[in-house]
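Novice: Encoded as structure tokens, here's the structure I'll be asking about.
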Amino acid sequence: MWNFKLPTEIIFGNGVSANLEEIASGFGSRKMLVTDKVLAELPAIQKIVAGLKNVSVFSDVQPNPTVVNVDSLAARLRDEKIEVVIAVGGGSSIDCAKAAACLVMTDEKSIRAFHTEGKKFGLSHLPVIAAPTTAGTGSEVTPFAVLDDVEKNKKGPIASDSFYPVKAVVDPELTYSVPVKVTAMTGLDALSHAIEGYWSKNHQPICDILAMEAAKKILSNLGNVLDNPSDKKGRNELSYASLTAGMAFQMPKNAIMHACSFPLSNRFHMPHGSACAFTMEETIRLNAPFMSGRMEVFADYCGFENIEGMIQTIRNLKKKGGLPSTIQEAGIPREQIDILIEESFHPLMNNNPKEVTKEDLENIYRELGA
Ligand SMILES: NC(=O)c1ccc[n+]([C@@H]2O[C@H](COP(=O)([O-])OP(=O)(O)OC[C@H]3O[C@@H](n4cnc5c(N)ncnc54)[C@H](O)[C@@H]3O)[C@@H](O)[C@H]2O)c1
Ligand SMILES: [Fe+2]
């Protein structure tokens with residue numbers, strides 16, 4: 001027995017972001033475009049802003065958005081009586097917009113009530129239109145927002161059905177300017193979503209096929225794009241893959257790789273994609289024997305003779321993208337491994353096909369140089 005839902009309408013294709021005014025005005029006239037400072041300076045984003053009527057811009061989103069970012073955006077949404085929110089950016093801008101668009105419909109002034117203190121959202125929210133500029137998080141089709149409460153030292157996801165954007169406007173051209181290292185990190189984040197959606201205990205047939213399709217596209221295009229960042233065809237495929245990977249994990253949810261990524265990001269400031277990729281090879285080796293041959297099917301679908309062949313390609317992609325593959329390269333002191341392991345037991349770990357023990361994580365970190 002399984003179910004699948006995705007309330008977000010997807011509009012995909014080169015140039016579709018030129019239609020944002022028409023798409024957004026169906027939801028109201030007062031608009032807020034949410035982005036970050038780097039993106040706000042890019043000609044492609046300035047062109048989008050110029051094409052929107054009656055729009056304010058919020059460009060204070062930080063990478064790994066904070067509760068303070070969300071609270072300031074929500075205050076602006078309230079003050080300016082905004083009717084529709086347009087997030088144009090990576091996962092950081094989209095997550096910040098999704099969370100603020102819900103917060104604004106409640107009596108709370110801070111998202112902390114829902115993030116750090118565990119209160120649940122109702123279903124009301126301002127409509128969010130999400131146009132991703134990275135090929136990575138899939139946030140345009142997920143019910144999650146990952147936020148950082150810096151003061152309380154807690155970074156993690158919150159989930160709510162009210163977070164699904166009403167429209168995902170996926171224009172691969174918006175990703176053409178992503179720097180090489182960010183392309184590697186975001187591409188491997190998308191790959192981690194495909195793998196985790198596939199091996200989650202809650203996996204199901206629709207998400208399985210989306211996951212395999214996403215992984216195949218990433219594994220056959222990411223290396224070429226890292227070698228040649230102006231490979232437009234390859235970047236188009238990565239945009240499609242990150243969208244399908246988002247659809248693949250949004251219901252089954254992530255597992256061990258993301259659970260391990262949180263302390264890596266919290267304690268060692270590893271960007272999200274890099275943190276997910278850090279344990280990828282070893283977690284594949286750990287889980288494969290507990291998946292009744294499904295990981296072999298996955299590797300075969302992606303064009304590899306066996307799982308080890310796929311792992312080798314992943315390792316090469318990390319090298320090519322300049323991402324760390326050992327604790328030494330990541331700058332993690334050996335004496336911090338115990339605390340890293342302790343903090344990896346996030347609830348997402350319960351979705352893992354192999355029940356993860358402390359010893360499993362010790363073995364993984366030993367293979368990574370500890
Ligand atoms: N909501 C979800 O389902 C979900 C899933 C995975 C990760 N996340 C979260 O998303 C965040 C990461 O998002 P991200 O990886 O997309 O990165 P990001 O949004 O933080 O952006 C990374 C950097 O790339 C720059 N950038 C983005 N697009 C660009 C472009 N087209 N050209 C040039 N520069 C560009 C940004 O300005 C920023 O400096 C993390 O907080 C992570 O935890 C959310
Ligand atoms: Fe992720």
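Chain lettering (A, B, ...) mirrors the order of the structure tokens, residue numbering begins at 1 for each chain separately, and ligand numbering begins at 1 in order of display.
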Running DSSP on the backbone, which parts of stretch 5-38 of chain A land in alpha helix (DSSP H), as a PyMOL selection string?
Specialist: chain A and resi 20-25+37-38
Novice: For ligand 2, return the neighbouring residues as a list of chain:residue names (distance at most 7 Å; only C-alpha atoms and all ligand atoms).
Specialist: A:Thr137, A:Asp189, A:Ala190, A:Ser192, A:His193, A:His258, A:His272, A:Gly273, A:Cys276
Novice: For those residues, write C-alpha atoms to a file as a PDB file, in the first residue's frame.
Specialist:
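What landed in again_16.pdb:
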ATOM      1  CA  THR A 137      17.575  20.948  -3.415  1.00  0.00           C
ATOM      2  CA  ASP A 189      22.702  17.026  -3.026  1.00  0.00           C
ATOM      3  CA  ALA A 190      20.195  16.122  -5.751  1.00  0.00           C
ATOM      4  CA  SER A 192      21.589  12.175  -2.375  1.00  0.00           C
ATOM      5  CA  HIS A 193      17.827  12.928  -2.594  1.00  0.00           C
ATOM      6  CA  HIS A 258      20.945  13.703   5.550  1.00  0.00           C
ATOM      7  CA  HIS A 272      24.567  21.166   2.609  1.00  0.00           C
ATOM      8  CA  GLY A 273      25.471  19.332  -0.624  1.00  0.00           C
ATOM      9  CA  CYS A 276      25.384  14.964   2.174  1.00  0.00           C
TER      10      CYS A 276
END
Novice: With only C-alpha atoms as the counted atoms, please give the residues lying no more than 9 Å from stretch 22-29 of chain A, apart from itself and same-chain residues fewer than 5 positions off, as number ranges by chain.
Specialist: A: 52-55, 82-86, 127-129, 167
Novice: Counting only C-alpha atoms and all ligand atoms, which protein, DNA or RNA residues come within 7 Å of ligand 1, given as a PyMOL selection string?
Specialist: chain A and resi 36-39+63-65+89-93+95+133-139+142-147+174-179+182+185-186+189+246+272-273
Novice: Would you mind exporting N, CA, C and O atoms of the selected residues as a compact mmCIF listing (two decimals), in the first residue's frame?
Specialist:
# COMPACT_ATOMS: atom_id res chain seq x y z
N ASP A 36 18.72 36.25 -2.79
CA ASP A 36 19.84 36.63 -1.92
C ASP A 36 20.65 37.73 -2.59
O ASP A 36 20.41 38.10 -3.74
N LYS A 37 21.64 38.24 -1.85
CA LYS A 37 22.38 39.43 -2.30
C LYS A 37 23.19 39.16 -3.58
O LYS A 37 23.28 40.02 -4.45
N VAL A 38 23.77 37.95 -3.68
CA VAL A 38 24.58 37.61 -4.86
C VAL A 38 23.67 37.58 -6.09
O VAL A 38 23.96 38.17 -7.14
N LEU A 39 22.55 36.89 -5.94
CA LEU A 39 21.64 36.74 -7.08
C LEU A 39 21.03 38.07 -7.51
O LEU A 39 20.84 38.33 -8.70
N PRO A 63 22.89 32.17 2.83
CA PRO A 63 22.99 30.73 2.58
C PRO A 63 22.76 29.99 3.90
O PRO A 63 23.24 30.47 4.95
N ASN A 64 22.02 28.90 3.89
CA ASN A 64 21.54 28.25 5.11
C ASN A 64 20.70 29.28 5.88
O ASN A 64 21.13 29.82 6.89
N PRO A 65 19.50 29.57 5.40
CA PRO A 65 18.72 30.68 5.95
C PRO A 65 18.45 30.52 7.45
O PRO A 65 18.29 29.41 7.94
N GLY A 89 15.81 31.71 -6.48
CA GLY A 89 17.11 31.47 -5.85
C GLY A 89 17.34 30.00 -5.64
O GLY A 89 16.60 29.15 -6.13
N GLY A 90 18.39 29.72 -4.86
CA GLY A 90 18.68 28.34 -4.50
C GLY A 90 17.74 27.90 -3.39
O GLY A 90 16.77 28.61 -3.03
N GLY A 91 18.04 26.75 -2.80
CA GLY A 91 17.21 26.23 -1.73
C GLY A 91 17.08 27.22 -0.58
O GLY A 91 16.04 27.28 0.08
N SER A 92 18.11 28.01 -0.34
CA SER A 92 18.07 28.95 0.78
C SER A 92 16.94 29.97 0.60
O SER A 92 16.15 30.20 1.53
N SER A 93 16.86 30.59 -0.58
CA SER A 93 15.82 31.60 -0.81
C SER A 93 14.43 30.96 -0.82
O SER A 93 13.47 31.51 -0.27
N ASP A 95 13.42 28.11 0.65
CA ASP A 95 13.02 27.67 2.00
C ASP A 95 12.60 28.86 2.86
O ASP A 95 11.61 28.79 3.61
N THR A 133 17.30 28.55 -8.91
CA THR A 133 18.47 28.99 -9.70
C THR A 133 19.64 28.02 -9.53
O THR A 133 20.70 28.23 -10.11
N THR A 134 19.48 27.00 -8.67
CA THR A 134 20.48 25.93 -8.57
C THR A 134 19.78 24.63 -8.98
O THR A 134 18.55 24.54 -8.93
N ALA A 135 20.59 23.63 -9.38
CA ALA A 135 20.02 22.31 -9.66
C ALA A 135 20.43 21.43 -8.50
O ALA A 135 21.49 20.80 -8.55
N GLY A 136 19.63 21.45 -7.42
CA GLY A 136 20.08 20.75 -6.22
C GLY A 136 18.98 20.32 -5.27
O GLY A 136 18.65 19.15 -5.18
N THR A 137 18.39 21.31 -4.58
CA THR A 137 17.58 20.95 -3.41
C THR A 137 16.22 20.34 -3.77
O THR A 137 15.67 19.58 -2.99
N GLY A 138 15.65 20.72 -4.91
CA GLY A 138 14.29 20.28 -5.23
C GLY A 138 13.26 20.98 -4.34
O GLY A 138 12.08 20.62 -4.35
N SER A 139 13.67 22.00 -3.60
CA SER A 139 12.76 22.67 -2.66
C SER A 139 11.50 23.20 -3.34
O SER A 139 10.46 23.37 -2.68
N THR A 142 8.99 20.39 -2.64
CA THR A 142 8.97 19.65 -1.37
C THR A 142 8.21 20.40 -0.28
O THR A 142 8.09 21.62 -0.33
N PRO A 143 7.72 19.67 0.73
CA PRO A 143 7.04 20.32 1.85
C PRO A 143 8.00 20.62 3.01
O PRO A 143 7.60 20.59 4.16
N PHE A 144 9.28 20.88 2.69
CA PHE A 144 10.29 21.09 3.74
C PHE A 144 10.92 22.48 3.63
O PHE A 144 11.02 23.05 2.54
N ALA A 145 11.37 22.98 4.77
CA ALA A 145 12.22 24.17 4.79
C ALA A 145 13.30 23.90 5.83
O ALA A 145 13.00 23.51 6.97
N VAL A 146 14.56 24.06 5.41
CA VAL A 146 15.67 23.80 6.34
C VAL A 146 16.14 25.16 6.85
O VAL A 146 16.54 26.02 6.07
N LEU A 147 16.09 25.32 8.18
CA LEU A 147 16.42 26.62 8.77
C LEU A 147 17.47 26.46 9.85
O LEU A 147 17.59 25.40 10.47
N LEU A 174 18.32 29.66 -15.69
CA LEU A 174 18.68 30.38 -14.46
C LEU A 174 19.87 29.73 -13.76
O LEU A 174 20.49 30.35 -12.89
N THR A 175 20.18 28.49 -14.12
CA THR A 175 21.31 27.81 -13.45
C THR A 175 22.62 27.97 -14.22
O THR A 175 23.66 27.50 -13.75
N TYR A 176 22.59 28.59 -15.39
CA TYR A 176 23.80 28.62 -16.22
C TYR A 176 24.97 29.36 -15.55
O TYR A 176 26.12 29.13 -15.89
N SER A 177 24.66 30.26 -14.61
CA SER A 177 25.73 31.05 -13.99
C SER A 177 26.25 30.45 -12.67
O SER A 177 27.07 31.05 -11.99
N VAL A 178 25.76 29.26 -12.29
CA VAL A 178 26.18 28.68 -11.00
C VAL A 178 27.68 28.33 -11.06
O VAL A 178 28.12 27.65 -11.98
N PRO A 179 28.48 28.80 -10.08
CA PRO A 179 29.92 28.48 -10.07
C PRO A 179 30.16 26.96 -9.98
O PRO A 179 29.31 26.23 -9.46
N VAL A 182 29.74 25.14 -6.55
CA VAL A 182 28.32 25.07 -6.14
C VAL A 182 27.58 24.08 -7.03
O VAL A 182 26.69 23.34 -6.57
N MET A 185 28.34 20.67 -5.55
CA MET A 185 27.65 20.43 -4.27
C MET A 185 26.15 20.23 -4.48
O MET A 185 25.56 19.32 -3.91
N THR A 186 25.56 21.09 -5.31
CA THR A 186 24.11 20.99 -5.49
C THR A 186 23.77 19.74 -6.30
O THR A 186 22.78 19.07 -6.00
N ASP A 189 23.87 16.96 -3.93
CA ASP A 189 22.70 17.03 -3.03
C ASP A 189 21.51 16.37 -3.73
O ASP A 189 20.81 15.53 -3.14
N GLY A 246 13.76 15.80 -6.29
CA GLY A 246 12.91 16.43 -5.26
C GLY A 246 11.59 15.68 -5.14
O GLY A 246 11.11 15.38 -4.04
N HIS A 272 25.48 22.32 2.56
CA HIS A 272 24.57 21.17 2.61
C HIS A 272 24.96 20.04 1.65
O HIS A 272 25.04 18.87 2.05
N GLY A 273 25.19 20.38 0.37
CA GLY A 273 25.47 19.33 -0.62
C GLY A 273 26.75 18.58 -0.31
O GLY A 273 26.85 17.36 -0.47
Novice: Between atom CA of A:Ile337 and atom CA of A:Leu361, what is the spacing in Å?
Specialist: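 Atom-to-atom, atom CA of A:Leu361 to atom CA of A:Ile337, that is 9.5 Å.
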Novice: Closest to A:Pro229 among A:Cys96, A:Ala245, A:Val180, A:Leu188, using only C-alpha atoms?
Specialist: A:Val180
Novice: At a cut-off of 10 Å, using only C-alpha atoms, what residues contact A:Asp148? Leave out same-chain residues fewer than 5 positions from it and give the result as a PyMOL selection string.
Specialist: chain A and resi 63-69+112+115-116+153-157+266
Novice: Please measure the separation of atom CA of A:Phe249 and atom CA of A:Ala184, giving the value in Å to one decimal.
Specialist: 19.6 Å
Novice: In terms of the shortest atom-to-atom distance over only C-alpha atoms, which of A:His125, A:Asp171, A:Ile48, A:Glu41 is closest to A:Ile11?
Specialist: A:Asp171
Novice: I need the residues in stretch 107-334 of chain A that are strand (DSSP E or B) according to DSSP; give them as a list in words.
Specialist: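 Checking each residue of stretch 107-334 of chain A, the strand (DSSP E or B) ones are Val128, Ile129, Ala130, Ala131, Pro132, Phe144, Ala145, Val146, Leu147, Asp148, Asp149, Lys154, Lys155, Gly156, Pro157, Ile158, Ala159, Lys167, Ala168, Val169 and Val170 of chain A.
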Novice: Considering only C-alpha atoms, state which residue in the set A:Val141, A:Ala44, A:Val166, A:Ala241 is at the smallest distance from A:Ala101.
Specialist: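 Residue with the minimum atom-to-atom distance to A:Ala101: A:Val166.
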Novice: Record the distance separating atom CA of A:Ser292 and atom CA of A:Pro347, expressed in Å with one decimal.
Specialist: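 Distance reported for this atom pair: 23.6 Å.
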Novice: Please determine, counting only C-alpha atoms, which residue among A:Ile218, A:Leu340, A:Leu210, A:Met270 has the shortest atom-to-atom distance to A:Gly303.
Specialist: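 Once distances to A:Gly303 are computed over only C-alpha atoms, the minimum belongs to A:Ile218.
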Novice: For A:Ser274, which residue among A:Leu323, A:Leu286, A:Ile311, A:Met251 is the nearest when counting only C-alpha atoms?
Specialist: A:Leu323
Novice: Measuring between only C-alpha atoms, which one of A:Pro172, A:Gly223, A:Pro205, A:Gly13 shows the shortest distance to A:Leu317?
Specialist: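 Checking each candidate against A:Leu317, we get A:Gly223 as the closest.
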Novice: Residues near stretch 207-209 of chain A, anyone? I mean within 6 Å using only C-alpha atoms, not counting same-chain ones fewer than 3 positions away, as a list of chain:residue names.
Specialist: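 Residues meeting the cut-off are A:Tyr198, A:Gln204, A:Met212, A:Ala248.
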